[in-house]
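Everything below concerns the one structure shown next.
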Amino acid sequence: MLESYAAGRWFRADDEGRPVLDAVTGEEISRISSTGLDLGAMVQHARTVGAPALQALTFHERAALLKAVAKDLMTRKDEFYELSYSTGATARDSAVDIDGGIGTVFSMASKGTREMPNDTVYLDGGTERLGRAGTFLGQHIYTSRPGVAVQINAFNFPVWGMLEKLAPAVLAGAPTIVKPAAQTAYLTEAVVRRIIDAGLLPEGALQLLCGSPQGLLDELTVQDQVAFTGSAHTAGLLRNHTNVLHGGVQLGVEADSLNCSILGPDVAVDDPEFDLFVMGVVTEMTVKAGQKCTAIRRVLVPRDRADAVAEAISARLAKVTVGNPRAEGVRMGALVSLDQREEVRKAIQSLRASAEIVFGNPDRVDTVDADPERGAFISPVLLKAADGAVEPHDVEAFGPVSTLIAYDDVDHAVRLAAQGKGSLVGSLATHDPDVARRVVLGAAPWHGRILVLDRDDAAESTGHGSPLPVLVHGGPGRAGGGEELGGVRAVLHYMQRTAIQASPDMLTAITGRWTAGSARNDDGVHPFRKSLASLRIGDTIASAPRTVTLADIDHFAEFTGDTFYAHTDPEAAAKNPLFGGIVAHGYLVVSLAAGLFVEPNPGPVLANFGVDNLRFLTPVKADDSIAVTLTVKQITPRTSADYGEVRWDAVVVNQDGEPVATYDVLTLVSKEWTD
């Protein structure tokens, strides 16, 4: 019997449960049941134990936990691969699921460290000035919710499906309850058990529900969220739950998706894009036996090349060996269950109302080292639709099935793509920039992601069906309207955005980042002499003025080679309506400013590693003077190093107090320093 992990302990139901079968052999692997599981206690444990423990950590500390989890899971990959064979997955399929899931955790951990502060508050954009004097400002912030993140997953990705939701939830400080699909729950359970046994996440941050989730949504309230991946039918039931309709529970859905791939009208049979297109279709039909929410269901091709495409795809499909995924040479394994095979066969029958099969037989398949009837095996099936066919745009056969559809011109192809009523991903094979622009802009409102494939990007392309942690995954309409992944965006989905209105000093106190207009601290000690241990937000140095001479400007022009006329030609510069005469180079101003605020002796400041948000505001003319005020804006200690990042606010003004340049200086500073 598979076990659930609930409220700090492993739970095993005491009834017989229902059997979970090996997709390849049909033998019973385990049983699954949640009878007797206290769902209310799970939710309460997440809220009262998991949430406080996670939210006491900064984003960087949570990211470090995720990195440790990913490293630990990598050491157990072989065990997970062995279990994955029983789901019908080949080694290649398992890599997509297992390595893809672990890789997503690594990626999110990196995003948390590199793009989020070492704090518990995330700032969204800059400040908004709400009054003339600058004493009343606005700032959007993200904070952790005191609720639970519930994920209800599909059977096709028992590892990736869990980890791609878990990683951003952990970064957001959201404790998670995982509900895997019954057919492949044994693999999810093995991964969760390893995470729990490793003890890397705080107690309550991760719980597992193996079995029916009946009643779980009844326990959720306004601060809780549900991320669902599965059928549109089940999504509809969840959308109509009273706690979603009236109780404020947030629901994100990734549902059915009739994804398409389009062969551009510019592509001839002998072009590289033709082969890339065909390979892409065959790959998406056969990886995970077509059981991917991102698989290509509709193959849109120019009418005069439809037969050539059908022949090329069929020729490649004929080389695909089906059978026991453990056997050498097998390229496609089984569907997840016999019930799923029947669902696919029914869908194919529906598609045949307006399409003919040009390759494959849904009722018969030759298999390697496997019984084709005891295991959930099926042949890849390619259909060709009649003109005006409706079924290919309405019916999803969730298996190795695609339908070829002919189009007349680019506008027709875009209309056909839109007939899917919203998809996770579409792809286009073309080497014509005009075709690419027309198709992408026409199809974008109906798709969450679009891949444009040609000879230039093919070597590095991750393919049509691979969601990436740095890009959003989701789609409008039929695809559910939800959105996951996308780097830091994935974290923010789990957090609350709030607009704060306050004085500059109050915003500095609330956000942990110095806000222009708030107090500065000049204690007579140069901030570059302070380590992170003594440096504080608002520490400031105001420099003495320095006159910028014509000789400075001439030297900079000669030394750098920047002889733009506004710096070197008095007559031409005088005619420039912005300058009215010779002006200093902007980068000369920045260089001179650095000389005004730098402390030259060895100290805790190790390096300058960048300048952000540089703006030149007022021209500096010969014999103008400039001065700079440098203020500690943000301090970000690195958890894995003896130094941290310090962001400084730099404002350069002229002799009249007018801002000449504003920018952020980025430095690396030691955590400790002894003179």
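By order of appearance in the structure tokens: chains A, B, ..., then residues from 1 within every chain, and ligands from 1 in the order shown.
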Env of A:Ser107: 12 Å cut, atoms = only C-alpha atoms, seq-sep filter 3 positions within chain, self excluded. Answer as a ChimeraX atom specification.
/A:63-64,66-67,70,99-104,110-115,163-164,167-168,171,468-471,485-488,490
Report as a list in words: the residues of stretch 336-380 of chain A with a DSSP assignment of strand (DSSP E), based on the backbone of this structure.
Ala355, Glu356, Ile357, Val358, Phe359, Thr367 and Val368 of chain A
Output C-alpha atoms for every residue in that selection, as an mmCIF file, in the first residue's frame.
data_model
loop_
_atom_site.group_PDB
_atom_site.id
_atom_site.type_symbol
_atom_site.label_atom_id
_atom_site.label_comp_id
_atom_site.auth_asym_id
_atom_site.auth_seq_id
_atom_site.Cartn_x
_atom_site.Cartn_y
_atom_site.Cartn_z
ATOM 1 C CA ALA A 355 -10.064 12.029 -41.008
ATOM 2 C CA GLU A 356 -8.470 8.910 -42.424
ATOM 3 C CA ILE A 357 -5.584 6.963 -40.902
ATOM 4 C CA VAL A 358 -2.464 7.202 -43.055
ATOM 5 C CA PHE A 359 -0.160 5.380 -40.650
ATOM 6 C CA THR A 367 5.971 -5.221 -29.532
ATOM 7 C CA VAL A 368 9.475 -6.090 -28.397
#
Would you pick out the contacts of stretch 341-354 of chain A at 10 Å or less, using only C-alpha atoms, so that residues sharing its chain but fewer than 6 positions from it are not included, and give the list as a ChimeraX atom specification?
/A:334-335,361-363,375-378,381-403
Residues of the last selection are to be written out with C-alpha atoms, as a PDB file, in the first residue's frame.
ATOM      1  CA  ALA A 334       3.419   1.766 -23.174  1.00  0.00           C
ATOM      2  CA  LEU A 335       0.615   4.105 -22.293  1.00  0.00           C
ATOM      3  CA  ASN A 361      -3.348   0.680 -36.424  1.00  0.00           C
ATOM      4  CA  PRO A 362      -4.864   1.586 -33.045  1.00  0.00           C
ATOM      5  CA  ASP A 363      -6.022  -2.008 -32.527  1.00  0.00           C
ATOM      6  CA  GLY A 375       0.646  -4.115 -21.443  1.00  0.00           C
ATOM      7  CA  ALA A 376      -0.940  -0.802 -22.475  1.00  0.00           C
ATOM      8  CA  PHE A 377       0.706  -0.685 -25.888  1.00  0.00           C
ATOM      9  CA  ILE A 378      -0.584   1.112 -28.955  1.00  0.00           C
ATOM     10  CA  VAL A 381      -1.231   6.815 -35.424  1.00  0.00           C
ATOM     11  CA  LEU A 382      -1.133   9.587 -38.022  1.00  0.00           C
ATOM     12  CA  LEU A 383      -4.404  10.783 -39.529  1.00  0.00           C
ATOM     13  CA  LYS A 384      -5.154  13.149 -42.412  1.00  0.00           C
ATOM     14  CA  ALA A 385      -8.168  15.406 -42.009  1.00  0.00           C
ATOM     15  CA  ALA A 386     -10.699  16.296 -44.659  1.00  0.00           C
ATOM     16  CA  ASP A 387     -11.244  19.946 -45.537  1.00  0.00           C
ATOM     17  CA  GLY A 388     -13.393  21.668 -42.944  1.00  0.00           C
ATOM     18  CA  ALA A 389     -12.944  18.877 -40.382  1.00  0.00           C
ATOM     19  CA  VAL A 390     -14.076  19.867 -36.895  1.00  0.00           C
ATOM     20  CA  GLU A 391     -12.990  16.915 -34.763  1.00  0.00           C
ATOM     21  CA  PRO A 392      -9.198  17.517 -34.925  1.00  0.00           C
ATOM     22  CA  HIS A 393      -9.799  20.908 -33.292  1.00  0.00           C
ATOM     23  CA  ASP A 394     -12.080  19.479 -30.583  1.00  0.00           C
ATOM     24  CA  VAL A 395     -10.882  15.963 -29.724  1.00  0.00           C
ATOM     25  CA  GLU A 396      -7.592  15.229 -27.966  1.00  0.00           C
ATOM     26  CA  ALA A 397      -6.257  11.700 -28.224  1.00  0.00           C
ATOM     27  CA  PHE A 398      -3.808  11.712 -25.292  1.00  0.00           C
ATOM     28  CA  GLY A 399      -1.353   9.296 -26.837  1.00  0.00           C
ATOM     29  CA  PRO A 400       0.903   8.888 -29.908  1.00  0.00           C
ATOM     30  CA  VAL A 401      -1.653  10.435 -32.235  1.00  0.00           C
ATOM     31  CA  SER A 402      -1.496  13.456 -34.560  1.00  0.00           C
ATOM     32  CA  THR A 403      -3.705  14.710 -37.371  1.00  0.00           C
TER      33      THR A 403
END
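For A:Ser314, the non-local neighbours within 10 Å, defined as residues at least 3 positions apart in the same chain or in other chains and counting only C-alpha atoms, are Val278, Val282, Ala308, Val309, Ala310, Glu311, Leu317, Ala318, Lys319, Val358, Phe359, Gly360, Pro380, Val381 and Leu382 of chain A.
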What would the file look like if the residues just selected were written as a short mmCIF file (atom, residue, chain, number, x, y, z; two decimals), in the first residue's frame with N, CA, C and O atoms?
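Below is the file that was written, part06.cif:
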data_model
loop_
_atom_site.label_atom_id
_atom_site.label_comp_id
_atom_site.auth_asym_id
_atom_site.auth_seq_id
_atom_site.Cartn_x
_atom_site.Cartn_y
_atom_site.Cartn_z
N VAL A 278 9.50 17.54 -39.60
CA VAL A 278 9.09 16.13 -39.54
C VAL A 278 9.64 15.47 -38.28
O VAL A 278 8.92 14.74 -37.57
N VAL A 282 7.40 13.74 -35.16
CA VAL A 282 7.59 12.34 -34.74
C VAL A 282 8.06 12.27 -33.29
O VAL A 282 7.60 11.41 -32.52
N ALA A 308 3.61 14.89 -49.21
CA ALA A 308 5.04 14.71 -48.93
C ALA A 308 5.29 14.65 -47.43
O ALA A 308 6.11 13.85 -46.95
N VAL A 309 4.59 15.50 -46.68
CA VAL A 309 4.75 15.47 -45.22
C VAL A 309 4.23 14.16 -44.65
O VAL A 309 4.88 13.54 -43.78
N ALA A 310 3.08 13.70 -45.13
CA ALA A 310 2.51 12.44 -44.65
C ALA A 310 3.48 11.28 -44.90
O ALA A 310 3.68 10.41 -44.04
N GLU A 311 4.07 11.26 -46.08
CA GLU A 311 5.02 10.19 -46.41
C GLU A 311 6.26 10.26 -45.53
O GLU A 311 6.76 9.23 -45.04
N LEU A 317 7.97 7.12 -38.58
CA LEU A 317 7.20 6.35 -37.60
C LEU A 317 7.39 4.85 -37.80
O LEU A 317 7.35 4.07 -36.84
N ALA A 318 7.61 4.43 -39.05
CA ALA A 318 7.80 3.01 -39.33
C ALA A 318 9.05 2.46 -38.67
O ALA A 318 9.17 1.24 -38.45
N LYS A 319 9.98 3.33 -38.34
CA LYS A 319 11.22 2.89 -37.69
C LYS A 319 11.13 2.88 -36.17
O LYS A 319 12.08 2.50 -35.49
N VAL A 358 -3.48 7.40 -42.02
CA VAL A 358 -2.46 7.20 -43.05
C VAL A 358 -1.27 6.41 -42.52
O VAL A 358 -0.44 5.96 -43.31
N PHE A 359 -1.19 6.26 -41.23
CA PHE A 359 -0.16 5.38 -40.65
C PHE A 359 -0.66 4.84 -39.32
O PHE A 359 -1.23 5.57 -38.52
N GLY A 360 -0.37 3.55 -39.09
CA GLY A 360 -0.64 2.94 -37.80
C GLY A 360 -1.99 2.25 -37.72
O GLY A 360 -2.87 2.44 -38.56
N PRO A 380 1.80 4.15 -32.90
CA PRO A 380 1.65 5.55 -33.30
C PRO A 380 0.64 5.63 -34.45
O PRO A 380 0.63 4.76 -35.34
N VAL A 381 -0.18 6.67 -34.42
CA VAL A 381 -1.23 6.81 -35.42
C VAL A 381 -1.19 8.23 -36.00
O VAL A 381 -1.30 9.21 -35.25
N LEU A 382 -1.06 8.31 -37.32
CA LEU A 382 -1.13 9.59 -38.02
C LEU A 382 -2.39 9.59 -38.88
O LEU A 382 -2.63 8.65 -39.65
#
Test item: residues at most 6 Å from stretch 223-228 of chain A, only C-alpha atoms, excluding those fewer than 5 positions along its chain, as a count of residues only:
11
As a check of understanding: the span from atom CA of A:Pro619 to atom CA of A:Ala519 is 28.0 Å
For the atom pair atom CA of A:Ala557 and atom CA of A:Asp649, what is the interatomic distance in Å to one decimal place?
27.4 Å
Near-A:Pro659 list (9 Å; only C-alpha atoms; drop same-chain fewer than 3 positions) as a tab-separated table (two decimals) with N, CA and C atoms, in the first residue's frame:
chain	number	residue	atom	x	y	z
A	616	PHE	N	21.61	59.96	-18.01
A	616	PHE	CA	22.23	61.28	-18.07
A	616	PHE	C	21.11	62.31	-18.19
A	617	LEU	N	21.06	63.26	-17.26
A	617	LEU	CA	19.91	64.14	-17.15
A	617	LEU	C	20.18	65.58	-17.59
A	618	THR	N	21.33	66.10	-17.23
A	618	THR	CA	21.67	67.49	-17.55
A	618	THR	C	23.08	67.53	-18.15
A	651	VAL	N	24.02	59.77	-7.12
A	651	VAL	CA	23.41	60.96	-7.73
A	651	VAL	C	24.53	61.98	-7.95
A	652	VAL	N	24.74	62.36	-9.20
A	652	VAL	CA	25.74	63.37	-9.55
A	652	VAL	C	24.99	64.67	-9.85
A	653	VAL	N	25.42	65.77	-9.22
A	653	VAL	CA	24.78	67.07	-9.43
A	653	VAL	C	25.82	68.08	-9.91
A	654	ASN	N	25.34	69.15	-10.54
A	654	ASN	CA	26.24	70.22	-10.96
A	654	ASN	C	26.28	71.32	-9.90
A	656	ASP	N	24.75	73.96	-9.66
A	656	ASP	CA	23.44	74.53	-9.34
A	656	ASP	C	22.55	73.54	-8.60
A	662	THR	N	22.16	59.84	-12.72
A	662	THR	CA	21.73	58.97	-11.62
A	662	THR	C	21.96	57.53	-12.04
Give me, as a short mmCIF file (atom, residue, chain, number, x, y, z; two decimals) with all heavy atoms, in the first residue's frame, all polymer residues having an atom no more than 12 Å from A:Ser337, counting only C-alpha atoms and skipping those fewer than 2 positions away in the same chain.
data_model
loop_
_atom_site.label_atom_id
_atom_site.label_comp_id
_atom_site.auth_asym_id
_atom_site.auth_seq_id
_atom_site.Cartn_x
_atom_site.Cartn_y
_atom_site.Cartn_z
N PRO A 19 -5.93 -1.35 -6.87
CA PRO A 19 -4.62 -1.73 -7.39
C PRO A 19 -4.04 -0.71 -8.36
O PRO A 19 -4.76 -0.03 -9.08
CB PRO A 19 -4.90 -3.05 -8.12
CG PRO A 19 -6.35 -2.99 -8.48
CD PRO A 19 -7.00 -2.21 -7.39
N VAL A 20 -2.72 -0.61 -8.33
CA VAL A 20 -1.97 0.18 -9.30
C VAL A 20 -1.12 -0.80 -10.09
O VAL A 20 -0.35 -1.57 -9.51
CB VAL A 20 -1.07 1.22 -8.59
CG1 VAL A 20 -0.28 2.02 -9.63
CG2 VAL A 20 -1.89 2.15 -7.72
N LEU A 21 -1.28 -0.80 -11.43
CA LEU A 21 -0.67 -1.83 -12.26
C LEU A 21 0.53 -1.31 -13.03
O LEU A 21 0.61 -0.13 -13.37
CB LEU A 21 -1.71 -2.37 -13.26
CG LEU A 21 -3.02 -2.90 -12.66
CD1 LEU A 21 -3.92 -3.43 -13.78
CD2 LEU A 21 -2.76 -3.95 -11.60
N ASP A 22 1.43 -2.24 -13.31
CA ASP A 22 2.58 -1.97 -14.18
C ASP A 22 2.05 -1.77 -15.60
O ASP A 22 1.35 -2.63 -16.14
CB ASP A 22 3.55 -3.14 -14.12
CG ASP A 22 4.86 -2.86 -14.83
OD1 ASP A 22 4.81 -2.51 -16.03
OD2 ASP A 22 5.93 -3.01 -14.22
N ALA A 23 2.39 -0.64 -16.22
CA ALA A 23 1.87 -0.34 -17.55
C ALA A 23 2.40 -1.30 -18.61
O ALA A 23 1.77 -1.48 -19.66
CB ALA A 23 2.23 1.09 -17.93
N VAL A 24 3.53 -1.94 -18.34
CA VAL A 24 4.18 -2.80 -19.33
C VAL A 24 3.72 -4.25 -19.21
O VAL A 24 3.42 -4.91 -20.21
CB VAL A 24 5.71 -2.72 -19.18
CG1 VAL A 24 6.41 -3.65 -20.17
CG2 VAL A 24 6.18 -1.29 -19.36
N THR A 25 3.62 -4.75 -17.97
CA THR A 25 3.29 -6.17 -17.76
C THR A 25 1.86 -6.40 -17.29
O THR A 25 1.37 -7.52 -17.35
CB THR A 25 4.23 -6.77 -16.70
OG1 THR A 25 3.97 -6.13 -15.43
CG2 THR A 25 5.69 -6.54 -17.09
N GLY A 26 1.21 -5.35 -16.80
CA GLY A 26 -0.13 -5.52 -16.26
C GLY A 26 -0.16 -6.07 -14.85
O GLY A 26 -1.24 -6.27 -14.28
N GLU A 27 1.01 -6.32 -14.26
CA GLU A 27 1.06 -6.87 -12.90
C GLU A 27 0.82 -5.77 -11.86
O GLU A 27 1.14 -4.60 -12.08
CB GLU A 27 2.42 -7.52 -12.66
CG GLU A 27 2.71 -8.70 -13.58
CD GLU A 27 4.12 -9.24 -13.40
OE1 GLU A 27 4.88 -8.61 -12.62
OE2 GLU A 27 4.45 -10.26 -14.02
N GLU A 28 0.29 -6.19 -10.73
CA GLU A 28 0.04 -5.23 -9.65
C GLU A 28 1.36 -4.80 -9.01
O GLU A 28 2.18 -5.62 -8.62
CB GLU A 28 -0.88 -5.84 -8.60
CG GLU A 28 -1.25 -4.88 -7.49
CD GLU A 28 -2.25 -5.46 -6.51
OE1 GLU A 28 -3.28 -6.00 -6.96
OE2 GLU A 28 -2.00 -5.36 -5.28
N SER A 86 8.14 1.12 -15.09
CA SER A 86 6.81 0.53 -14.87
C SER A 86 5.68 1.45 -15.29
O SER A 86 4.55 1.01 -15.45
CB SER A 86 6.64 0.14 -13.40
OG SER A 86 7.53 -0.90 -13.05
N THR A 87 5.97 2.75 -15.46
CA THR A 87 4.95 3.67 -15.95
C THR A 87 4.82 3.59 -17.47
O THR A 87 3.96 4.27 -18.05
CB THR A 87 5.29 5.13 -15.57
OG1 THR A 87 6.41 5.59 -16.36
CG2 THR A 87 5.60 5.26 -14.10
N GLY A 88 5.66 2.78 -18.11
CA GLY A 88 5.69 2.68 -19.57
C GLY A 88 6.74 3.56 -20.21
O GLY A 88 6.87 3.59 -21.43
N ALA A 89 7.51 4.27 -19.40
CA ALA A 89 8.48 5.24 -19.92
C ALA A 89 9.79 4.57 -20.32
O ALA A 89 10.29 3.69 -19.61
CB ALA A 89 8.74 6.31 -18.87
N PHE A 155 -1.01 12.09 -14.52
CA PHE A 155 -0.23 10.85 -14.42
C PHE A 155 1.04 10.88 -15.25
O PHE A 155 1.94 10.07 -15.04
CB PHE A 155 -1.08 9.65 -14.84
CG PHE A 155 -1.58 9.71 -16.26
CD1 PHE A 155 -0.74 9.47 -17.34
CD2 PHE A 155 -2.91 10.00 -16.52
CE1 PHE A 155 -1.20 9.52 -18.65
CE2 PHE A 155 -3.38 10.06 -17.83
CZ PHE A 155 -2.53 9.82 -18.89
N ASN A 156 1.13 11.79 -16.24
CA ASN A 156 2.19 11.66 -17.24
C ASN A 156 3.57 12.11 -16.78
O ASN A 156 4.57 11.65 -17.30
CB ASN A 156 1.79 12.39 -18.52
CG ASN A 156 1.38 13.83 -18.28
OD1 ASN A 156 0.99 14.20 -17.17
ND2 ASN A 156 1.46 14.65 -19.31
N ALA A 182 -3.19 8.59 -9.43
CA ALA A 182 -3.06 7.24 -8.89
C ALA A 182 -2.18 6.34 -9.74
O ALA A 182 -1.39 5.55 -9.22
CB ALA A 182 -4.45 6.61 -8.74
N GLN A 183 -2.28 6.46 -11.08
CA GLN A 183 -1.60 5.52 -11.96
C GLN A 183 -0.09 5.51 -11.78
O GLN A 183 0.56 4.48 -11.99
CB GLN A 183 -1.93 5.82 -13.43
CG GLN A 183 -3.41 5.74 -13.78
CD GLN A 183 -4.06 7.10 -13.76
OE1 GLN A 183 -3.81 7.90 -12.85
NE2 GLN A 183 -4.88 7.39 -14.76
N THR A 184 0.50 6.63 -11.43
CA THR A 184 1.96 6.72 -11.30
C THR A 184 2.38 7.26 -9.93
O THR A 184 3.51 7.72 -9.77
CB THR A 184 2.54 7.61 -12.41
OG1 THR A 184 1.88 8.88 -12.39
CG2 THR A 184 2.36 6.98 -13.78
N ALA A 289 5.13 8.21 -25.17
CA ALA A 289 4.03 7.63 -25.95
C ALA A 289 2.96 8.67 -26.24
O ALA A 289 1.75 8.38 -26.27
CB ALA A 289 3.44 6.42 -25.23
N GLN A 291 1.96 11.02 -24.41
CA GLN A 291 1.20 11.43 -23.23
C GLN A 291 1.83 12.68 -22.62
O GLN A 291 2.36 12.67 -21.51
CB GLN A 291 1.16 10.29 -22.20
CG GLN A 291 0.48 9.04 -22.71
CD GLN A 291 0.67 7.87 -21.78
OE1 GLN A 291 -0.26 7.35 -21.20
NE2 GLN A 291 1.90 7.43 -21.64
N GLY A 333 7.50 3.25 -25.32
CA GLY A 333 6.96 2.29 -24.38
C GLY A 333 5.45 2.24 -24.42
O GLY A 333 4.82 2.49 -25.46
N ALA A 334 4.87 1.95 -23.27
CA ALA A 334 3.42 1.77 -23.17
C ALA A 334 2.74 3.05 -22.71
O ALA A 334 3.36 3.94 -22.14
CB ALA A 334 3.11 0.64 -22.19
N LEU A 335 1.43 3.10 -22.96
CA LEU A 335 0.62 4.10 -22.29
C LEU A 335 0.56 3.76 -20.81
O LEU A 335 0.96 2.68 -20.39
CB LEU A 335 -0.79 4.14 -22.90
CG LEU A 335 -0.88 4.54 -24.38
CD1 LEU A 335 -2.32 4.43 -24.87
CD2 LEU A 335 -0.36 5.94 -24.59
N ASP A 339 -6.81 1.32 -19.28
CA ASP A 339 -7.92 2.27 -19.39
C ASP A 339 -7.54 3.45 -20.28
O ASP A 339 -8.37 3.92 -21.08
CB ASP A 339 -8.31 2.79 -17.99
CG ASP A 339 -9.03 1.74 -17.17
OD1 ASP A 339 -9.51 0.74 -17.75
OD2 ASP A 339 -9.09 1.91 -15.93
N GLN A 340 -6.31 3.92 -20.14
CA GLN A 340 -5.87 5.04 -20.97
C GLN A 340 -5.82 4.62 -22.44
O GLN A 340 -6.16 5.41 -23.33
CB GLN A 340 -4.50 5.54 -20.51
CG GLN A 340 -3.96 6.73 -21.28
CD GLN A 340 -4.85 7.96 -21.20
OE1 GLN A 340 -5.62 8.10 -20.26
NE2 GLN A 340 -4.76 8.83 -22.18
N ARG A 341 -5.41 3.40 -22.71
CA ARG A 341 -5.40 2.92 -24.10
C ARG A 341 -6.80 2.94 -24.69
O ARG A 341 -7.00 3.34 -25.85
CB ARG A 341 -4.81 1.52 -24.19
CG ARG A 341 -4.72 1.01 -25.62
CD ARG A 341 -3.96 -0.28 -25.72
NE ARG A 341 -4.65 -1.39 -25.06
CZ ARG A 341 -4.17 -2.62 -24.98
NH1 ARG A 341 -2.96 -2.88 -25.49
NH2 ARG A 341 -4.83 -3.57 -24.38
N GLU A 342 -7.79 2.54 -23.91
CA GLU A 342 -9.16 2.57 -24.40
C GLU A 342 -9.62 4.00 -24.66
O GLU A 342 -10.35 4.26 -25.63
CB GLU A 342 -10.09 1.87 -23.41
CG GLU A 342 -9.92 0.37 -23.37
CD GLU A 342 -9.97 -0.25 -24.77
OE1 GLU A 342 -10.99 -0.06 -25.47
OE2 GLU A 342 -8.99 -0.91 -25.17
N GLU A 343 -9.20 4.92 -23.80
CA GLU A 343 -9.56 6.33 -24.02
C GLU A 343 -8.96 6.84 -25.32
O GLU A 343 -9.61 7.57 -26.08
CB GLU A 343 -9.08 7.19 -22.85
CG GLU A 343 -9.84 6.97 -21.55
CD GLU A 343 -11.29 7.38 -21.68
OE1 GLU A 343 -11.57 8.44 -22.29
OE2 GLU A 343 -12.15 6.64 -21.18
N VAL A 344 -7.72 6.47 -25.60
CA VAL A 344 -7.07 6.91 -26.83
C VAL A 344 -7.76 6.29 -28.05
O VAL A 344 -8.00 6.97 -29.06
CB VAL A 344 -5.57 6.55 -26.81
CG1 VAL A 344 -4.92 6.83 -28.17
CG2 VAL A 344 -4.85 7.33 -25.72
N GLU A 373 -1.14 -7.15 -25.33
CA GLU A 373 -2.47 -7.06 -24.74
C GLU A 373 -2.42 -6.85 -23.23
O GLU A 373 -3.21 -6.10 -22.67
CB GLU A 373 -3.28 -8.32 -25.07
CG GLU A 373 -3.60 -8.44 -26.55
CD GLU A 373 -4.28 -7.19 -27.10
OE1 GLU A 373 -5.22 -6.69 -26.44
OE2 GLU A 373 -3.88 -6.70 -28.16
N ARG A 374 -1.49 -7.51 -22.55
CA ARG A 374 -1.38 -7.31 -21.10
C ARG A 374 -0.80 -5.93 -20.78
O ARG A 374 -1.18 -5.30 -19.79
CB ARG A 374 -0.49 -8.39 -20.48
CG ARG A 374 -1.15 -9.76 -20.39
CD ARG A 374 -0.22 -10.77 -19.72
NE ARG A 374 0.18 -10.34 -18.38
CZ ARG A 374 -0.55 -10.53 -17.28
NH1 ARG A 374 -1.73 -11.13 -17.38
NH2 ARG A 374 -0.10 -10.15 -16.10
N GLY A 375 0.11 -5.46 -21.61
CA GLY A 375 0.65 -4.12 -21.44
C GLY A 375 -0.19 -3.12 -22.23
O GLY A 375 -0.89 -3.47 -23.18
N ALA A 376 -0.09 -1.84 -21.86
CA ALA A 376 -0.94 -0.80 -22.47
C ALA A 376 -0.27 -0.24 -23.72
O ALA A 376 -0.01 0.97 -23.82
CB ALA A 376 -1.22 0.30 -21.46
N PHE A 377 -0.02 -1.11 -24.69
CA PHE A 377 0.71 -0.68 -25.89
C PHE A 377 -0.25 -0.28 -27.00
O PHE A 377 -1.34 -0.82 -27.14
CB PHE A 377 1.61 -1.81 -26.39
CG PHE A 377 2.70 -2.18 -25.42
CD1 PHE A 377 2.56 -3.28 -24.59
CD2 PHE A 377 3.84 -1.41 -25.32
CE1 PHE A 377 3.55 -3.62 -23.69
CE2 PHE A 377 4.84 -1.74 -24.42
CZ PHE A 377 4.69 -2.85 -23.60
N ILE A 378 0.18 0.66 -27.80
CA ILE A 378 -0.58 1.11 -28.95
C ILE A 378 0.38 1.62 -30.01
O ILE A 378 1.47 2.11 -29.68
CB ILE A 378 -1.60 2.21 -28.56
CG1 ILE A 378 -2.61 2.46 -29.69
CG2 ILE A 378 -0.88 3.50 -28.18
CD1 ILE A 378 -3.77 3.36 -29.28
N GLY A 399 -2.26 10.40 -26.55
CA GLY A 399 -1.35 9.30 -26.84
C GLY A 399 -0.56 9.64 -28.09
O GLY A 399 -0.50 10.80 -28.51
#
